[in-house]
>>> print(open('upload.txt').read())   # compact mmCIF, C-alpha atoms (C1' of nucleotides)
# COMPACT_ATOMS: atom_id res chain seq x y z
CA MET U 293 5.80 -4.66 7.35
CA SER U 294 2.65 -4.60 5.29
CA ALA U 295 -0.67 -5.66 6.77
CA SER U 296 -0.63 -8.85 4.76
CA THR U 297 2.90 -9.78 5.83
CA LYS U 298 2.02 -9.09 9.43
CA LEU U 299 -1.00 -11.34 9.10
CA SER U 300 0.83 -14.26 7.59
CA THR U 301 3.73 -13.94 10.03
CA SER U 302 1.29 -13.90 12.95
CA VAL U 303 -0.50 -16.98 11.68
CA LYS U 304 2.78 -18.82 11.30
CA ALA U 305 3.65 -18.02 14.91
CA LEU U 306 0.19 -18.91 16.18
CA SER U 307 0.06 -22.24 14.43
CA TYR U 308 3.48 -23.09 15.80
CA LEU U 309 2.07 -22.44 19.26
CA ALA U 310 -1.03 -24.50 18.45
CA ALA U 311 1.04 -27.38 17.14
CA THR U 312 3.12 -27.54 20.32
CA HIS U 313 0.49 -26.57 22.87
CA PRO U 314 0.82 -26.27 25.88
CA THR U 315 4.56 -25.74 25.60
CA THR U 316 5.72 -22.17 26.23
CA HIS U 317 8.00 -20.69 23.58
CA ASN U 318 10.00 -17.51 23.82
CA SER U 319 10.33 -14.99 21.01
CA ALA U 320 13.79 -16.19 19.98
CA ASN U 321 12.50 -19.73 19.55
CA ILE U 322 9.44 -18.75 17.52
CA ALA U 323 11.38 -16.22 15.46
CA GLU U 324 13.95 -18.85 14.53
CA GLN U 325 11.20 -21.23 13.40
CA ILE U 326 9.53 -18.79 11.06
CA GLY U 327 12.59 -16.85 9.93
CA VAL U 328 11.96 -13.40 11.31
CA ASN U 329 13.78 -11.06 13.67
CA ALA U 330 12.93 -11.75 17.33
CA SER U 331 12.46 -8.10 18.22
CA LYS U 332 10.15 -7.61 15.31
CA LEU U 333 8.18 -10.68 16.28
CA ARG U 334 7.81 -9.45 19.85
CA ARG U 335 6.13 -6.34 18.53
CA LEU U 336 3.55 -8.52 16.80
CA MET U 337 3.16 -10.84 19.77
CA SER U 338 2.62 -7.98 22.19
CA MET U 339 -0.38 -6.87 20.13
CA LEU U 340 -1.73 -10.41 20.10
CA THR U 341 -1.24 -10.48 23.88
CA LYS U 342 -3.18 -7.25 24.38
CA ASN U 343 -6.05 -8.82 22.47
CA ASP U 344 -5.95 -11.99 24.57
CA ILE U 345 -5.09 -14.16 21.60
CA VAL U 346 -1.92 -15.32 23.31
CA LYS U 347 -0.80 -15.23 26.93
CA SER U 348 2.70 -14.03 27.76
CA THR U 349 4.87 -14.46 30.82
CA GLN U 350 8.13 -12.65 31.40
CA GLY U 351 11.25 -13.86 33.15
CA ILE U 352 13.12 -17.15 33.10
CA SER U 353 11.21 -19.91 31.31
CA GLY U 354 8.74 -17.26 30.18
CA GLY U 355 7.35 -16.87 26.67
CA PHE U 356 4.08 -17.24 24.79
CA LEU U 357 1.12 -19.57 24.98
CA LEU U 358 -1.91 -19.71 22.71
CA ASN U 359 -4.93 -18.48 24.67
CA LYS U 360 -7.71 -19.70 22.35
CA HIS U 361 -8.68 -22.96 20.78
CA PRO U 362 -7.57 -22.87 17.10
CA LYS U 363 -11.13 -23.51 15.93
CA ASP U 364 -12.32 -20.39 17.79
CA LEU U 365 -9.67 -18.06 16.42
CA HIS U 366 -10.40 -16.60 13.00
CA LEU U 367 -8.30 -14.49 10.67
CA GLN U 368 -10.29 -11.31 11.07
CA GLU U 369 -9.68 -11.33 14.82
CA ILE U 370 -5.95 -11.67 14.23
CA TYR U 371 -6.00 -8.98 11.58
CA CYS U 372 -7.77 -6.50 13.85
CA ALA U 373 -5.32 -7.20 16.66
CA ILE U 374 -2.21 -6.43 14.64
CA GLU U 375 -3.52 -3.69 12.34
CA ASP U 376 -5.06 -0.58 13.83
CA ARG U 377 -5.56 1.43 10.66
CA LYS U 378 -8.66 0.37 8.79
CA ALA U 379 -8.56 -0.95 5.28
CA PHE U 380 -5.74 -2.06 3.05
CA HIS U 381 -4.33 1.44 2.69
CA LEU U 382 -7.16 2.62 0.54
CA ASP U 383 -7.40 6.36 0.21
CA VAL U 384 -8.33 9.20 -2.14
CA ASN U 385 -6.79 12.52 -3.08
CA LYS U 386 -8.32 14.96 -0.59
CA LYS U 387 -7.32 18.07 -2.53
CA SER U 388 -9.98 19.53 -4.78
CA GLY U 389 -9.52 22.05 -7.53
CA LYS U 390 -12.06 24.14 -9.39
CA GLY U 391 -14.83 21.58 -9.15
CA LYS U 392 -14.69 21.53 -5.38
CA ASN U 393 -18.11 20.10 -4.55
CA ILE U 394 -17.80 17.47 -7.22
CA ASN U 395 -14.46 16.31 -5.86
CA VAL U 396 -15.80 16.09 -2.33
CA THR U 397 -18.73 14.02 -3.57
CA PHE U 398 -16.38 11.72 -5.49
CA ASN U 399 -14.16 11.27 -2.47
CA GLU U 400 -17.16 10.25 -0.41
CA TYR U 401 -18.22 7.81 -3.09
CA PHE U 402 -14.81 6.16 -3.23
CA LEU U 403 -14.28 6.08 0.51
CA ASN U 404 -17.63 4.31 0.75
CA LEU U 405 -16.66 1.89 -2.00
CA PHE U 406 -13.31 1.13 -0.39
CA SER U 407 -15.07 0.71 2.95
CA ASP U 408 -17.43 -1.81 1.34
CA ILE U 409 -14.46 -3.69 -0.03
CA GLN U 410 -12.87 -3.70 3.40
CA VAL U 411 -16.06 -5.18 4.87
CA ASP U 412 -16.05 -7.89 2.20
CA ILE U 413 -12.47 -8.77 3.02
CA GLU U 414 -13.14 -8.91 6.73
CA ASN U 415 -16.22 -11.07 6.20
CA LYS U 416 -14.12 -13.44 4.18
CA MET U 417 -11.53 -13.57 6.94
CA LYS U 418 -14.18 -14.19 9.57
CA LYS U 419 -14.97 -17.49 7.92
CA ILE U 420 -11.42 -18.78 8.19
CA ASN U 421 -10.16 -20.08 11.52
CA LEU U 422 -6.68 -21.14 12.57
CA LEU U 423 -7.58 -24.83 12.71
CA SER U 424 -8.75 -24.87 9.10
CA ILE U 425 -5.54 -23.16 7.98
CA MET U 426 -3.46 -25.72 9.86
CA LYS U 427 -5.39 -28.55 8.26
CA GLN U 428 -4.88 -27.08 4.80
CA THR U 429 -1.17 -26.57 5.38
CA GLY U 430 -0.72 -30.02 6.89
CA ILE U 431 0.14 -28.95 10.42
CA LYS U 432 -1.26 -31.08 13.22
CA SER U 433 -2.89 -29.18 16.05
CA ASN U 434 -1.97 -30.36 19.55
CA TYR U 435 -5.43 -29.50 20.86
CA LYS U 436 -7.96 -32.25 21.31
CA MET W 276 0.22 7.58 -5.55
CA SER W 277 -1.54 4.55 -4.17
CA ALA W 278 -3.63 2.34 -6.41
CA SER W 279 -6.80 3.63 -4.82
CA THR W 280 -5.85 7.28 -5.26
CA LYS W 281 -4.92 6.65 -8.87
CA LEU W 282 -8.28 5.01 -9.42
CA SER W 283 -10.33 7.82 -7.89
CA THR W 284 -8.27 10.48 -9.67
CA SER W 285 -8.75 8.71 -12.99
CA VAL W 286 -12.48 8.44 -12.49
CA LYS W 287 -12.73 12.13 -11.66
CA ALA W 288 -10.92 12.97 -14.88
CA LEU W 289 -12.98 10.53 -16.94
CA SER W 290 -16.31 11.78 -15.65
CA TYR W 291 -15.26 15.33 -16.39
CA LEU W 292 -14.63 14.22 -19.96
CA ALA W 293 -17.97 12.39 -20.04
CA ALA W 294 -19.84 15.39 -18.69
CA THR W 295 -18.43 17.70 -21.37
CA HIS W 296 -18.22 15.27 -24.27
CA PRO W 297 -17.23 15.78 -27.08
CA THR W 298 -15.17 18.77 -25.98
CA THR W 299 -11.42 18.18 -25.94
CA HIS W 300 -9.65 19.14 -22.73
CA ASN W 301 -5.93 19.42 -22.18
CA SER W 302 -4.12 18.16 -19.11
CA ALA W 303 -3.84 21.61 -17.53
CA ASN W 304 -7.59 22.10 -17.77
CA ILE W 305 -8.48 18.71 -16.31
CA ALA W 306 -5.82 18.95 -13.62
CA GLU W 307 -7.16 22.29 -12.49
CA GLN W 308 -10.66 20.90 -12.23
CA ILE W 309 -9.75 17.99 -10.02
CA GLY W 310 -6.92 19.59 -8.06
CA VAL W 311 -3.90 17.58 -9.15
CA ASN W 312 -0.59 18.38 -10.82
CA ALA W 313 -0.85 18.43 -14.61
CA SER W 314 2.31 16.40 -15.17
CA LYS W 315 1.14 13.77 -12.76
CA LEU W 316 -2.23 13.64 -14.45
CA ARG W 317 -0.62 13.20 -17.85
CA ARG W 318 1.11 10.10 -16.57
CA LEU W 319 -2.28 8.65 -15.66
CA MET W 320 -3.91 9.78 -18.88
CA SER W 321 -1.17 8.27 -21.03
CA MET W 322 -1.93 4.88 -19.50
CA LEU W 323 -5.63 5.35 -20.15
CA THR W 324 -4.73 6.28 -23.72
CA LYS W 325 -2.66 3.14 -24.22
CA ASN W 326 -5.69 1.13 -23.12
CA ASP W 327 -8.00 2.98 -25.54
CA ILE W 328 -10.09 4.38 -22.72
CA VAL W 329 -9.37 7.90 -23.88
CA LYS W 330 -8.09 9.28 -27.15
CA SER W 331 -5.34 11.90 -27.11
CA THR W 332 -4.16 14.41 -29.69
CA GLN W 333 -1.03 16.49 -29.40
CA GLY W 334 -0.38 20.02 -30.59
CA ILE W 335 -2.44 23.18 -30.50
CA SER W 336 -6.06 22.57 -29.49
CA GLY W 337 -5.06 19.02 -28.61
CA GLY W 338 -5.98 17.17 -25.45
CA PHE W 339 -8.10 14.25 -24.32
CA LEU W 340 -11.42 12.77 -25.36
CA LEU W 341 -13.33 9.90 -23.81
CA ASN W 342 -13.20 6.93 -26.17
CA LYS W 343 -15.94 4.80 -24.63
CA HIS W 344 -19.53 5.28 -23.68
CA PRO W 345 -19.71 5.72 -19.88
CA LYS W 346 -22.05 2.78 -19.55
CA ASP W 347 -19.50 0.50 -21.23
CA LEU W 348 -16.56 1.54 -19.08
CA HIS W 349 -16.27 -0.22 -15.73
CA LEU W 350 -13.97 0.33 -12.80
CA GLN W 351 -12.00 -2.85 -13.22
CA GLU W 352 -10.99 -1.83 -16.73
CA ILE W 353 -9.75 1.51 -15.44
CA TYR W 354 -7.95 -0.14 -12.56
CA CYS W 355 -6.10 -2.57 -14.83
CA ALA W 356 -5.08 0.25 -17.14
CA ILE W 357 -3.42 2.33 -14.46
CA GLU W 358 -2.07 -0.39 -12.16
CA ASP W 359 0.28 -3.00 -13.53
CA ARG W 360 1.16 -4.78 -10.32
CA LYS W 361 -1.49 -7.23 -9.25
CA ALA W 362 -3.29 -6.95 -5.96
CA PHE W 363 -3.49 -4.23 -3.39
CA HIS W 364 0.14 -4.73 -2.34
CA LEU W 365 -0.55 -8.02 -0.64
CA ASP W 366 2.54 -10.04 0.10
CA VAL W 367 4.11 -12.47 2.54
CA ASN W 368 7.50 -12.81 4.20
CA LYS W 369 9.46 -14.98 1.77
CA LYS W 370 12.22 -15.81 4.25
CA SER W 371 11.87 -19.07 6.10
CA GLY W 372 13.72 -20.21 9.19
CA LYS W 373 14.02 -23.63 10.79
CA GLY W 374 10.60 -24.81 9.66
CA LYS W 375 11.41 -24.21 6.01
CA ASN W 376 8.82 -26.43 4.35
CA ILE W 377 6.10 -25.24 6.66
CA ASN W 378 6.84 -21.62 5.87
CA VAL W 379 6.78 -22.27 2.15
CA THR W 380 3.42 -24.00 2.51
CA PHE W 381 2.06 -21.10 4.53
CA ASN W 382 3.28 -18.59 1.99
CA GLU W 383 1.50 -20.50 -0.75
CA TYR W 384 -1.67 -20.59 1.34
CA PHE W 385 -1.64 -16.84 1.94
CA LEU W 386 -0.70 -15.91 -1.59
CA ASN W 387 -3.68 -17.96 -2.73
CA LEU W 388 -5.92 -16.30 -0.17
CA PHE W 389 -4.77 -12.82 -1.18
CA SER W 390 -5.24 -13.76 -4.80
CA ASP W 391 -8.82 -14.82 -4.04
CA ILE W 392 -9.41 -11.49 -2.34
CA GLN W 393 -8.02 -9.70 -5.36
CA VAL W 394 -10.43 -11.59 -7.61
CA ASP W 395 -13.33 -10.63 -5.35
CA ILE W 396 -12.34 -6.99 -5.52
CA GLU W 397 -12.02 -7.04 -9.28
CA ASN W 398 -15.37 -8.77 -9.64
CA LYS W 399 -16.93 -6.07 -7.54
CA MET W 400 -15.33 -3.41 -9.71
CA LYS W 401 -16.52 -5.10 -12.89
CA LYS W 402 -20.10 -4.44 -11.84
CA ILE W 403 -19.59 -0.68 -11.53
CA ASN W 404 -19.51 1.45 -14.65
CA LEU W 405 -18.69 5.12 -15.09
CA LEU W 406 -22.29 6.08 -15.84
CA SER W 407 -23.56 4.65 -12.57
CA ILE W 408 -20.86 6.48 -10.63
CA MET W 409 -21.81 9.74 -12.33
CA LYS W 410 -25.46 9.19 -11.49
CA GLN W 411 -24.63 8.52 -7.86
CA THR W 412 -22.42 11.58 -7.61
CA GLY W 413 -24.95 13.78 -9.39
CA ILE W 414 -22.94 14.49 -12.52
CA LYS W 415 -24.84 14.62 -15.76
CA SER W 416 -23.36 12.66 -18.64
CA ASN W 417 -23.28 14.46 -21.96
CA TYR W 418 -23.79 11.20 -23.86
CA LYS W 419 -27.24 10.31 -25.12
C1' DT Q 292 7.37 26.01 -43.66
C1' DT Q 293 7.38 27.97 -39.37
C1' DT Q 294 5.51 28.60 -34.88
C1' DA Q 295 3.05 27.71 -30.84
C1' DT Q 296 1.22 24.34 -28.05
C1' DT Q 297 0.35 19.83 -26.09
C1' DT Q 298 1.30 15.04 -24.96
C1' DG Q 299 4.43 11.59 -23.21
C1' DT Q 300 8.42 10.65 -20.71
C1' DT Q 301 12.46 11.27 -17.90
C1' DA Q 302 14.98 13.32 -14.26
C1' DC Q 303 15.73 14.95 -9.81
C1' DA Q 304 15.86 16.92 -5.37
C1' DG Q 305 13.31 16.70 -1.10
C1' DT Q 306 10.46 14.24 1.88
C1' DA Q 307 8.34 10.46 4.00
C1' DA Q 308 8.02 5.72 5.10
C1' DG Q 309 9.69 1.21 5.80
C1' DT Q 310 13.58 -2.12 7.67
C1' DG Q 311 16.46 -4.40 10.60
C1' DT Q 312 18.86 -4.27 14.61
C1' DA Q 313 20.18 -2.88 19.04
C1' DA Q 314 19.38 -1.38 23.66
C1' DC Q 315 17.14 -1.15 27.92
C1' DA Q 316 13.50 -0.81 31.53
C1' DA Q 317 10.02 -3.65 33.77
C1' DA Q 318 8.67 -8.06 35.10
C1' DT Q 319 9.34 -12.53 37.00
C1' DA Q 320 10.74 -17.45 37.63
C1' DC Q 321 14.33 -19.77 39.93
C1' DG B 74 19.43 -11.55 44.23
C1' DT B 75 20.23 -13.01 39.60
C1' DA B 76 19.39 -14.35 35.13
C1' DT B 77 16.19 -14.14 31.60
C1' DT B 78 12.31 -12.62 28.90
C1' DT B 79 8.79 -9.42 27.35
C1' DG B 80 7.52 -4.87 25.80
C1' DT B 81 8.99 -0.67 24.06
C1' DT B 82 11.92 2.89 22.23
C1' DA B 83 15.58 4.52 19.46
C1' DC B 84 18.30 4.88 15.49
C1' DA B 85 20.83 4.54 11.36
C1' DC B 86 20.06 2.82 6.79
C1' DT B 87 17.63 2.05 2.95
C1' DT B 88 13.82 2.32 0.05
C1' DA B 89 9.86 4.41 -1.78
C1' DC B 90 7.00 8.32 -2.61
C1' DT B 91 6.08 13.32 -4.11
C1' DG B 92 5.87 17.24 -6.55
C1' DT B 93 7.82 19.77 -9.92
C1' DA B 94 10.49 20.82 -13.78
C1' DA B 95 12.36 19.99 -18.26
C1' DC B 96 12.36 18.51 -22.86
C1' DA B 97 11.76 15.66 -27.10
C1' DA B 98 8.15 14.25 -30.32
C1' DA B 99 3.95 15.35 -32.37
C1' DT B 100 0.70 18.30 -34.55
C1' DA B 101 -2.71 21.94 -35.43
C1' DA B 102 -2.79 26.54 -37.08
C1' DA B 103 -0.87 30.53 -39.35
>>> encode(input="upload.txt", output="structure tokens")
Amino acid sequence: MSASTKLSTSVKALSYLAATHPTTHNSANIAEQIGVNASKLRRLMSMLTKNDIVKSTQGISGGFLLNKHPKDLHLQEIYCAIEDRKAFHLDVNKKSGKGKNINVTFNEYFLNLFSDIQVDIENKMKKINLLSIMKQTGIKSNYK
Amino acid sequence: MSASTKLSTSVKALSYLAATHPTTHNSANIAEQIGVNASKLRRLMSMLTKNDIVKSTQGISGGFLLNKHPKDLHLQEIYCAIEDRKAFHLDVNKKSGKGKNINVTFNEYFLNLFSDIQVDIENKMKKINLLSIMKQTGIKSNYK
DNA sequence: TTTATTTGTTACAGTAAGTGTAACAAATAC
DNA sequence: GTATTTGTTACACTTACTGTAACAAATAAA
């Protein structure tokens, strides 16, 4: 699952929770709604739980609850919760041939550039919260 | 080879050509300099050739020549030459479960968002030309 | 014309990574 | 105590990536 697929899948699940708040939904229920394997979804949800974005309870009638108001939950926060490796898989060729120093310098340059790009992306995601996404996709939040 | 590795490898090769212009270098020579397999490099260079970024000649004493002044060659142009698929591998889960329409709407939203991000990245790359990279990495261009 | 060399492209085996599903321990409401 | 649910691990299967080799087409030089 790519970082972008994880992100969109998570947002689908989270907005389902927001739209039906404060009803608890289990992984099978959510997975069925958004068309993804329940086990796979649980792996995503457990990361969201560890970052206090959702609250989970085990056992009979257990499941997931959104733990933040949709207007206070932005994309970057979700992205960081589900993706530990930095950046969108941006890397350079670490090997260097004859021009060793030059290659090292180039690698530094590009890692810095890719890092800048990553910052830009995260800044963009910081400006987008779950409520605004739900509005744009026509889903009614059940929060007041 | 990821898009980012291709990009940095290409730039290393191109700045080597710029630094030694108008000397012709073959793939073995360039590959040795930057520490990459010659056959692999040729695959990159052939794409740069098709986009008129370098000029190639076959046969004895053949090889590659930079075909643009470093100040007129920007990163986005190089990126487009070597990478046909759009975006940094950003995608969504196309499958949709019970909430079919909602999932389709979400997918559209995220594909638009990722497309915006792609545009931002390309705009950033348009502002960076080969000459400025060479200056920052301390490589002297052999162009006047 | 012949020969040596180089690009451009394809092929391929070996490796690594991603995918989907199942299975099960730990937790917990009933 | 029992049924159910999360959280995690495992695993077979597929897909993608990697590095290298091989060779046809092109072409400069002899």
>>> closest_residue(input="upload.txt", among="Q:DA316, Q:DT298, Q:DT292, Q:DG309", to="Ser302 (chain W)", atoms="all atoms listed in the file")
Q:DT298
>>> atom_distance(input="upload.txt", atom1="CA of Lys402 (chain W)", atom2="CA of Lys416 (chain U)")
19.3 Å
>>> interface_residues(input="upload.txt", of="chain B", to="chain W", cutoff="12 Å", atoms="all atoms listed in the file", output="list of chain:residue names")
B:DA89, B:DC90, B:DT91, B:DG92, B:DT93, B:DA94, B:DA95, B:DA98, B:DA99, B:DT100, B:DA101, B:DA102, B:DA103
>>> calpha_fit_and_write(input="upload.txt", fixed="chain W", moving="chain U", output="mmCIF file with C-alpha atoms, in the coordinates of the input")
data_model
loop_
_atom_site.group_PDB
_atom_site.id
_atom_site.type_symbol
_atom_site.label_atom_id
_atom_site.label_comp_id
_atom_site.auth_asym_id
_atom_site.auth_seq_id
_atom_site.Cartn_x
_atom_site.Cartn_y
_atom_site.Cartn_z
ATOM 1 C CA MET U 293 0.175 7.611 -5.490
ATOM 2 C CA SER U 294 -1.581 4.576 -4.121
ATOM 3 C CA ALA U 295 -3.680 2.359 -6.361
ATOM 4 C CA SER U 296 -6.853 3.647 -4.784
ATOM 5 C CA THR U 297 -5.889 7.301 -5.219
ATOM 6 C CA LYS U 298 -4.952 6.654 -8.813
ATOM 7 C CA LEU U 299 -8.321 5.036 -9.376
ATOM 8 C CA SER U 300 -10.366 7.821 -7.889
ATOM 9 C CA THR U 301 -8.313 10.507 -9.632
ATOM 10 C CA SER U 302 -8.772 8.719 -12.961
ATOM 11 C CA VAL U 303 -12.511 8.449 -12.461
ATOM 12 C CA LYS U 304 -12.743 12.133 -11.647
ATOM 13 C CA ALA U 305 -10.934 12.964 -14.882
ATOM 14 C CA LEU U 306 -12.988 10.519 -16.926
ATOM 15 C CA SER U 307 -16.307 11.757 -15.653
ATOM 16 C CA TYR U 308 -15.261 15.314 -16.392
ATOM 17 C CA LEU U 309 -14.622 14.206 -19.962
ATOM 18 C CA ALA U 310 -17.957 12.368 -20.053
ATOM 19 C CA ALA U 311 -19.821 15.370 -18.706
ATOM 20 C CA THR U 312 -18.401 17.657 -21.393
ATOM 21 C CA HIS U 313 -18.206 15.220 -24.288
ATOM 22 C CA PRO U 314 -17.193 15.740 -27.110
ATOM 23 C CA THR U 315 -15.130 18.722 -26.015
ATOM 24 C CA THR U 316 -11.370 18.133 -25.961
ATOM 25 C CA HIS U 317 -9.600 19.098 -22.745
ATOM 26 C CA ASN U 318 -5.888 19.377 -22.189
ATOM 27 C CA SER U 319 -4.104 18.129 -19.088
ATOM 28 C CA ALA U 320 -3.828 21.588 -17.528
ATOM 29 C CA ASN U 321 -7.579 22.075 -17.799
ATOM 30 C CA ILE U 322 -8.484 18.689 -16.330
ATOM 31 C CA ALA U 323 -5.828 18.936 -13.629
ATOM 32 C CA GLU U 324 -7.176 22.304 -12.520
ATOM 33 C CA GLN U 325 -10.700 20.882 -12.268
ATOM 34 C CA ILE U 326 -9.777 17.984 -10.039
ATOM 35 C CA GLY U 327 -6.954 19.603 -8.086
ATOM 36 C CA VAL U 328 -3.941 17.599 -9.139
ATOM 37 C CA ASN U 329 -0.616 18.380 -10.781
ATOM 38 C CA ALA U 330 -0.860 18.417 -14.593
ATOM 39 C CA SER U 331 2.300 16.398 -15.114
ATOM 40 C CA LYS U 332 1.121 13.788 -12.697
ATOM 41 C CA LEU U 333 -2.239 13.634 -14.409
ATOM 42 C CA ARG U 334 -0.611 13.175 -17.805
ATOM 43 C CA ARG U 335 1.098 10.079 -16.489
ATOM 44 C CA LEU U 336 -2.296 8.638 -15.595
ATOM 45 C CA MET U 337 -3.900 9.758 -18.839
ATOM 46 C CA SER U 338 -1.154 8.240 -20.956
ATOM 47 C CA MET U 339 -1.925 4.842 -19.430
ATOM 48 C CA LEU U 340 -5.623 5.326 -20.101
ATOM 49 C CA THR U 341 -4.708 6.257 -23.683
ATOM 50 C CA LYS U 342 -2.643 3.103 -24.174
ATOM 51 C CA ASN U 343 -5.669 1.099 -23.090
ATOM 52 C CA ASP U 344 -7.974 2.940 -25.493
ATOM 53 C CA ILE U 345 -10.086 4.344 -22.693
ATOM 54 C CA VAL U 346 -9.353 7.871 -23.851
ATOM 55 C CA LYS U 347 -8.051 9.257 -27.130
ATOM 56 C CA SER U 348 -5.286 11.851 -27.081
ATOM 57 C CA THR U 349 -4.087 14.329 -29.665
ATOM 58 C CA GLN U 350 -0.946 16.396 -29.349
ATOM 59 C CA GLY U 351 -0.270 19.908 -30.561
ATOM 60 C CA ILE U 352 -2.328 23.085 -30.529
ATOM 61 C CA SER U 353 -5.945 22.494 -29.510
ATOM 62 C CA GLY U 354 -4.949 18.948 -28.595
ATOM 63 C CA GLY U 355 -5.929 17.115 -25.419
ATOM 64 C CA PHE U 356 -8.077 14.200 -24.301
ATOM 65 C CA LEU U 357 -11.386 12.735 -25.368
ATOM 66 C CA LEU U 358 -13.305 9.873 -23.794
ATOM 67 C CA ASN U 359 -13.174 6.900 -26.164
ATOM 68 C CA LYS U 360 -15.936 4.758 -24.621
ATOM 69 C CA HIS U 361 -19.530 5.251 -23.686
ATOM 70 C CA PRO U 362 -19.699 5.721 -19.873
ATOM 71 C CA LYS U 363 -22.069 2.768 -19.537
ATOM 72 C CA ASP U 364 -19.496 0.490 -21.210
ATOM 73 C CA LEU U 365 -16.562 1.537 -19.060
ATOM 74 C CA HIS U 366 -16.296 -0.213 -15.709
ATOM 75 C CA LEU U 367 -13.990 0.338 -12.764
ATOM 76 C CA GLN U 368 -12.012 -2.848 -13.174
ATOM 77 C CA GLU U 369 -11.006 -1.840 -16.697
ATOM 78 C CA ILE U 370 -9.771 1.505 -15.406
ATOM 79 C CA TYR U 371 -7.974 -0.135 -12.518
ATOM 80 C CA CYS U 372 -6.135 -2.567 -14.784
ATOM 81 C CA ALA U 373 -5.097 0.252 -17.101
ATOM 82 C CA ILE U 374 -3.454 2.354 -14.414
ATOM 83 C CA GLU U 375 -2.101 -0.366 -12.115
ATOM 84 C CA ASP U 376 0.234 -2.990 -13.501
ATOM 85 C CA ARG U 377 1.133 -4.767 -10.280
ATOM 86 C CA LYS U 378 -1.541 -7.208 -9.221
ATOM 87 C CA ALA U 379 -3.356 -6.935 -5.949
ATOM 88 C CA PHE U 380 -3.525 -4.226 -3.343
ATOM 89 C CA HIS U 381 0.085 -4.688 -2.285
ATOM 90 C CA LEU U 382 -0.568 -7.982 -0.628
ATOM 91 C CA ASP U 383 2.528 -9.994 0.094
ATOM 92 C CA VAL U 384 4.126 -12.436 2.531
ATOM 93 C CA ASN U 385 7.520 -12.771 4.157
ATOM 94 C CA LYS U 386 9.475 -14.947 1.720
ATOM 95 C CA LYS U 387 12.246 -15.779 4.183
ATOM 96 C CA SER U 388 11.893 -19.070 6.005
ATOM 97 C CA GLY U 389 13.746 -20.196 9.074
ATOM 98 C CA LYS U 390 14.075 -23.630 10.617
ATOM 99 C CA GLY U 391 10.660 -24.814 9.513
ATOM 100 C CA LYS U 392 11.435 -24.200 5.872
ATOM 101 C CA ASN U 393 8.838 -26.410 4.199
ATOM 102 C CA ILE U 394 6.141 -25.232 6.539
ATOM 103 C CA ASN U 395 6.879 -21.600 5.757
ATOM 104 C CA VAL U 396 6.802 -22.228 2.028
ATOM 105 C CA THR U 397 3.447 -23.966 2.388
ATOM 106 C CA PHE U 398 2.092 -21.069 4.454
ATOM 107 C CA ASN U 399 3.288 -18.543 1.916
ATOM 108 C CA GLU U 400 1.482 -20.427 -0.818
ATOM 109 C CA TYR U 401 -1.657 -20.537 1.277
ATOM 110 C CA PHE U 402 -1.618 -16.799 1.907
ATOM 111 C CA LEU U 403 -0.702 -15.834 -1.629
ATOM 112 C CA ASN U 404 -3.684 -17.896 -2.756
ATOM 113 C CA LEU U 405 -5.921 -16.251 -0.178
ATOM 114 C CA PHE U 406 -4.779 -12.767 -1.153
ATOM 115 C CA SER U 407 -5.255 -13.692 -4.807
ATOM 116 C CA ASP U 408 -8.825 -14.766 -4.025
ATOM 117 C CA ILE U 409 -9.428 -11.457 -2.317
ATOM 118 C CA GLN U 410 -8.044 -9.637 -5.329
ATOM 119 C CA VAL U 411 -10.454 -11.544 -7.583
ATOM 120 C CA ASP U 412 -13.355 -10.591 -5.313
ATOM 121 C CA ILE U 413 -12.374 -6.948 -5.489
ATOM 122 C CA GLU U 414 -12.048 -7.006 -9.247
ATOM 123 C CA ASN U 415 -15.405 -8.745 -9.617
ATOM 124 C CA LYS U 416 -16.953 -6.045 -7.513
ATOM 125 C CA MET U 417 -15.365 -3.379 -9.685
ATOM 126 C CA LYS U 418 -16.552 -5.075 -12.854
ATOM 127 C CA LYS U 419 -20.117 -4.416 -11.808
ATOM 128 C CA ILE U 420 -19.619 -0.674 -11.505
ATOM 129 C CA ASN U 421 -19.528 1.452 -14.641
ATOM 130 C CA LEU U 422 -18.703 5.121 -15.082
ATOM 131 C CA LEU U 423 -22.298 6.090 -15.846
ATOM 132 C CA SER U 424 -23.576 4.639 -12.580
ATOM 133 C CA ILE U 425 -20.886 6.498 -10.634
ATOM 134 C CA MET U 426 -21.824 9.754 -12.346
ATOM 135 C CA LYS U 427 -25.473 9.202 -11.525
ATOM 136 C CA GLN U 428 -24.658 8.526 -7.882
ATOM 137 C CA THR U 429 -22.453 11.598 -7.630
ATOM 138 C CA GLY U 430 -24.966 13.803 -9.422
ATOM 139 C CA ILE U 431 -22.941 14.489 -12.548
ATOM 140 C CA LYS U 432 -24.860 14.617 -15.810
ATOM 141 C CA SER U 433 -23.353 12.650 -18.662
ATOM 142 C CA ASN U 434 -23.274 14.444 -22.019
ATOM 143 C CA TYR U 435 -23.791 11.180 -23.891
ATOM 144 C CA LYS U 436 -27.223 10.321 -25.173
#
>>> closest_residue(input="upload.txt", among="W:Ser331, W:Asn417, W:Thr284, W:Asn342", to="chain U", atoms="all atoms listed in the file")
W:Thr284
>>> closest_residue(input="upload.txt", among="Q:DG311, Q:DT301, Q:DC321, Q:DT293", to="DA97 (chain B)", atoms="only C-alpha atoms (C1' of nucleotides)")
Q:DT301
>>> atom_distance(input="upload.txt", atom1="CA of Leu319 (chain W)", atom2="CA of Glu358 (chain W)")
9.7 Å
>>> interface_residues(input="upload.txt", of="chain Q", to="chain W", cutoff="12 Å", atoms="all atoms listed in the file", output="tab-separated table (two decimals) with C-alpha atoms (C1' of nucleotides), keeping the file's coordinate frame")
chain	number	residue	atom	x	y	z
Q	294	DT	C1'	5.51	28.60	-34.88
Q	295	DA	C1'	3.05	27.71	-30.84
Q	296	DT	C1'	1.22	24.34	-28.05
Q	297	DT	C1'	0.35	19.83	-26.09
Q	298	DT	C1'	1.30	15.04	-24.96
Q	299	DG	C1'	4.43	11.59	-23.21
Q	300	DT	C1'	8.42	10.65	-20.71
Q	301	DT	C1'	12.46	11.27	-17.90
